[in-house]
Protein chains: 2
Amino acid sequence: MSRITLQDLAYELNISVSTVSKALKGYPDVSEKTKKAVVELADKLNFSPNIVASNLRTQHTKTIGVIVPEIVHHFFSNVIGGIINIAEQNGYMVILLQSNEKFELEQKQINLLIQQQVDGILMSLTAHTTSFEHIKRVQTRGIPLVMYDKVSKNINCSKVIIDDKQAAYDAVSYLIRKGYKRIAFLGGSLTAQNFNNRFLGYKEALSEFRIKYDESIVYITDSDDEYENGMKYAEKIVSDHSKSKVDALFTVTDLMAVGASKYFNSNEIKIPEDIAIFGFSNWFMSSIVTPSLSTVNQPGYEMGEKSVELLLKEIALKKERQQIEIQRLVIPTSLEIREST
Amino acid sequence: MSRITLQDLAYELNISVSTVSKALKGYPDVSEKTKKAVVELADKLNFSPNIVASNLRTQHTKTIGVIVPEIVHHFFSNVIGGIINIAEQNGYMVILLQSNEKFELEQKQINLLIQQQVDGILMSLTAHTTSFEHIKRVQTRGIPLVMYDKVSKNINCSKVIIDDKQAAYDAVSYLIRKGYKRIAFLGGSLTAQNFNNRFLGYKEALSEFRIKYDESIVYITDSDDEYENGMKYAEKIVSDHSKSKVDALFTVTDLMAVGASKYFNSNEIKIPEDIAIFGFSNWFMSSIVTPSLSTVNQPGYEMGEKSVELLLKEIALKKERQQIEIQRLVIPTSLEIREST
DNA sequence: TTGTATGCGTTATCAC
DNA sequence: GTGATAACGCATACAA
């Protein structure tokens, strides 16, 4: 019950604490005999080293802090899965924090992670982060930092992202090549960097194929419930324009697409005959809805993996007092073509 | 860059380290004047206490360890969300570990958490955990432990679960009352405690309503891909029995239900007219598929919340050297009735 | 009100 | 090959 320490082992074996420590860590300058005795006793007494003490002494914690906007999100839970698996494989533990898209929380959490002496931080910004003092504080302290998915050009650190603009461009180009001519856009607030880039990709594809950009078929949702919005704006599209005029819909998230799909389905509007739908993210559900949804595959798990790998590399570099080199990693996306287009 | 410590502050202000410490912690026995000076300097220098040192001194880390079988799972990511939010509100951080349903990993992770000196552990067992030495080790060390969802009667600790049997009983009773008479069962391996209990609930409902239990309409899947299995066994049900004979299907997970639904949809078998479907868990997707799926609502977020609350209470009790009282908390489920029944 | 002294459990340096 | 000793940064009992 009362924790057993190096001292206890030392006392029991009548040797010094330092010898015990060395024996347990496999130092070469300990005789096989004592080493064996120590290990055996440690085993017998179920000795478990106090990492906190070790951390204090060695000045590193083998722990990284991860801030995620929202865990319950197919994409982010995938990212987290990737992060945790790779971290674990490299002997690092993960402290997970959820900002819930609140700036104040993000600030507080950064401070907590600094106090915890984490060896590095992995973060995705909230949609409302416009000031960066807290993040700069991480950097002035020399704590390695990597941002993923929602990043900012205001911070000079390594970043792991997808090319939203290109991905949207690819999706819309695909629709155009497939023969669709009046492609509506449904997006969330364009202040969000990602959504804005997807909008840019949409526009670029149109212009590339000499299709006139028409503001009247560009819809920006006003609330946060993407599924609801999908249904609502699908209805709006139909009422604003005779359905023969809009023949395809590109949405910035799968959830909106599925919402729209639900509306069309229950109103006898055929997908993709009457209107095609293209989503974004490749959430699991997009493969199982009817009709299954064409979408942009956004590989969350891989993004998580790459992010930690980068962070771990920077941590190692810092330990060796070497210069770290800032990277910008773009995870390739792909089109997942299904029944809705 | 070089971390600043209490010593630095003390030196700067020409006072002792202990006074600085007390000032920062708001001890009553420090004059307002020095307190103010200390706080101001700390602010100015951006002082951030080294929690690791504090942890070593105080013998607690304000950290809890959480082991989850699989993060990328709507249910579990909800649980984690609940855990993290409540933990944070109480000043605790969460170290998240994923066992990936591997027993060896679970063992290793328990050891890691012990070494990390976490104040408590929250865990859900892998499907393959049949030995419990590692968990007993947690208890002999006096580390508060709470199990959630996948629990074992072999460990005497507080548990937070749902009543699987009752929930299944409710669902099947509902189907019977609605007039369905030949209700098939589709489940995963019955060695999994939860699935087995759901099966028991199914049987009990039948017997309660004097419907003869018929083994020929009980299907146990053989692989792990629930969605695939849903489709596969839906087909099997149709081919084994003329469709007029089975008029409803109860599955132990939403994913199987959705798979089955997909098969019926694409084979002109009408839901619920030809066959009704009832799922289990209330994953988000069940509300958006067509037809939307009736299911058992299994409140993950709440389970997460209750679990930490219990754990935190036990941690507090332990700190005050009071007896902890083992609890068994059953989170109520409910039926979510939708279009599929 | 302030300061002194000590310890939390490890690791690492240096002497023996 | 082994051990004494100091240090990591903070918290607290006790003395002043």
# chains A, B, ... in the order shown; residues from 1 in each chain; ligands from 1
call {"tool": "select_by_dssp", "arguments": {"residues": "region 77-310 of chain B", "states": "helix (DSSP H, G or I)", "output": "ChimeraX atom specification"}}
result
/B:77-89,103-115,133-140,164-177,193-208,215-217,226-240,254-266,284-287,300-310
call {"tool": "interface_residues", "arguments": {"of": "chain B", "to": "chain A", "cutoff": "7 Å", "atoms": "only C-alpha atoms", "output": "list of chain:residue names"}}
result
B:Met1, B:Ser48, B:Pro49, B:Asn50, B:Ile51, B:Val52, B:Ala53, B:Leu56, B:Ile71, B:Val72, B:His74, B:Ser77, B:Asn78, B:Gly81, B:Ile84, B:Met93, B:Val94, B:Ile95, B:Leu96, B:Leu97, B:Gln115, B:Gln116, B:Gln117, B:Thr140, B:Arg141, B:Gly142, B:Met285, B:Val289, B:Thr290
call {"tool": "atom_distance", "arguments": {"atom1": "CA of Lys136 (chain A)", "atom2": "CA of Gly26 (chain B)"}}
result
27.9 Å
call {"tool": "select_by_dssp", "arguments": {"residues": "region 70-297 of chain B", "states": "strand (DSSP E or B)", "output": "number ranges by chain"}}
result
B: 93-98, 120-123, 145-148, 158-162, 183-187, 218-220, 248-251, 276-278, 281, 294-297
call {"tool": "atom_distance", "arguments": {"atom1": "CA of Ser173 (chain B)", "atom2": "CA of Arg210 (chain B)"}}
result
11.3 Å
call {"tool": "atom_distance", "arguments": {"atom1": "CA of Ala10 (chain B)", "atom2": "CA of Val38 (chain B)"}}
result
8.3 Å
call {"tool": "closest_residue", "arguments": {"among": "B:Lys25, B:Leu13, B:Ser158, B:Thr34", "to": "chain C", "atoms": "only C-alpha atoms (C1' of nucleotides)"}}
result
B:Thr34
call {"tool": "residues_around", "arguments": {"residues": "DA6 (chain D)", "least_positions_apart": "4", "cutoff": "12 Å", "atoms": "only C-alpha atoms (C1' of nucleotides)", "output": "PyMOL selection string"}}
result
(chain A and resi 57) or (chain C and resi 11-14)
call {"tool": "interface_residues", "arguments": {"of": "chain B", "to": "chain C", "cutoff": "8 Å", "atoms": "only C-alpha atoms (C1' of nucleotides)", "output": "list in words"}}
result
Ser16, Ser18, Thr19, Asp29, Val30, Ser31, Leu56, Arg57, Thr58 and Gln59 of chain B
call {"tool": "interface_residues", "arguments": {"of": "chain D", "to": "chain A", "cutoff": "9 Å", "atoms": "only C-alpha atoms (C1' of nucleotides)", "output": "MDAnalysis selection string"}}
result
chainID D and resid 1:4 7:9
call {"tool": "write_last_selection", "arguments": {"atoms": "N, CA and C atoms (P, O5', C5', C4', C3', O3' and C1' of nucleotides)", "output": "PDB file, in the first residue's frame"}}
result
ATOM      1  P    DG D   1      32.736  -4.109 -13.325  1.00  0.00           P
ATOM      2  O5'  DG D   1      32.174  -3.672 -11.883  1.00  0.00           O
ATOM      3  C5'  DG D   1      32.495  -4.580 -10.870  1.00  0.00           C
ATOM      4  C4'  DG D   1      32.121  -3.967  -9.557  1.00  0.00           C
ATOM      5  C3'  DG D   1      30.634  -3.653  -9.372  1.00  0.00           C
ATOM      6  O3'  DG D   1      30.309  -4.053  -8.046  1.00  0.00           O
ATOM      7  C1'  DG D   1      31.916  -1.694  -9.004  1.00  0.00           C
ATOM      8  P    DT D   2      28.881  -3.854  -7.409  1.00  0.00           P
ATOM      9  O5'  DT D   2      29.011  -2.521  -6.578  1.00  0.00           O
ATOM     10  C5'  DT D   2      29.796  -2.537  -5.389  1.00  0.00           C
ATOM     11  C4'  DT D   2      29.864  -1.144  -4.816  1.00  0.00           C
ATOM     12  C3'  DT D   2      28.516  -0.550  -4.427  1.00  0.00           C
ATOM     13  O3'  DT D   2      28.428  -0.591  -3.013  1.00  0.00           O
ATOM     14  C1'  DT D   2      29.993   1.061  -5.428  1.00  0.00           C
ATOM     15  P    DG D   3      27.135  -0.013  -2.282  1.00  0.00           P
ATOM     16  O5'  DG D   3      27.584   1.491  -2.015  1.00  0.00           O
ATOM     17  C5'  DG D   3      28.791   1.725  -1.302  1.00  0.00           C
ATOM     18  C4'  DG D   3      28.990   3.218  -1.138  1.00  0.00           C
ATOM     19  C3'  DG D   3      27.749   3.954  -0.628  1.00  0.00           C
ATOM     20  O3'  DG D   3      28.190   4.936   0.300  1.00  0.00           O
ATOM     21  C1'  DG D   3      28.447   4.923  -2.651  1.00  0.00           C
ATOM     22  P    DA D   4      27.235   5.430   1.444  1.00  0.00           P
ATOM     23  O5'  DA D   4      27.711   6.939   1.630  1.00  0.00           O
ATOM     24  C5'  DA D   4      29.076   7.276   1.440  1.00  0.00           C
ATOM     25  C4'  DA D   4      29.209   8.717   0.983  1.00  0.00           C
ATOM     26  C3'  DA D   4      28.194   9.692   1.576  1.00  0.00           C
ATOM     27  O3'  DA D   4      28.901  10.878   1.908  1.00  0.00           O
ATOM     28  C1'  DA D   4      28.074   9.745  -0.800  1.00  0.00           C
ATOM     29  P    DA D   7      24.133  21.551  -5.146  1.00  0.00           P
ATOM     30  O5'  DA D   7      22.937  21.304  -6.155  1.00  0.00           O
ATOM     31  C5'  DA D   7      23.210  20.775  -7.444  1.00  0.00           C
ATOM     32  C4'  DA D   7      21.940  20.219  -7.995  1.00  0.00           C
ATOM     33  C3'  DA D   7      20.724  21.147  -7.806  1.00  0.00           C
ATOM     34  O3'  DA D   7      20.275  21.574  -9.072  1.00  0.00           O
ATOM     35  C1'  DA D   7      20.215  18.880  -7.275  1.00  0.00           C
ATOM     36  P    DC D   8      19.304  22.854  -9.174  1.00  0.00           P
ATOM     37  O5'  DC D   8      18.065  22.370 -10.039  1.00  0.00           O
ATOM     38  C5'  DC D   8      18.118  21.379 -11.054  1.00  0.00           C
ATOM     39  C4'  DC D   8      16.808  20.651 -11.092  1.00  0.00           C
ATOM     40  C3'  DC D   8      15.639  21.482 -10.585  1.00  0.00           C
ATOM     41  O3'  DC D   8      15.035  22.149 -11.691  1.00  0.00           O
ATOM     42  C1'  DC D   8      15.564  19.198  -9.787  1.00  0.00           C
ATOM     43  P    DG D   9      14.834  23.722 -11.694  1.00  0.00           P
ATOM     44  O5'  DG D   9      13.549  23.909 -10.776  1.00  0.00           O
ATOM     45  C5'  DG D   9      12.298  23.451 -11.256  1.00  0.00           C
ATOM     46  C4'  DG D   9      11.316  23.480 -10.127  1.00  0.00           C
ATOM     47  C3'  DG D   9      11.136  24.854  -9.472  1.00  0.00           C
ATOM     48  O3'  DG D   9       9.777  25.181  -9.618  1.00  0.00           O
ATOM     49  C1'  DG D   9      11.409  23.151  -7.844  1.00  0.00           C
TER      50       DG D   9
END
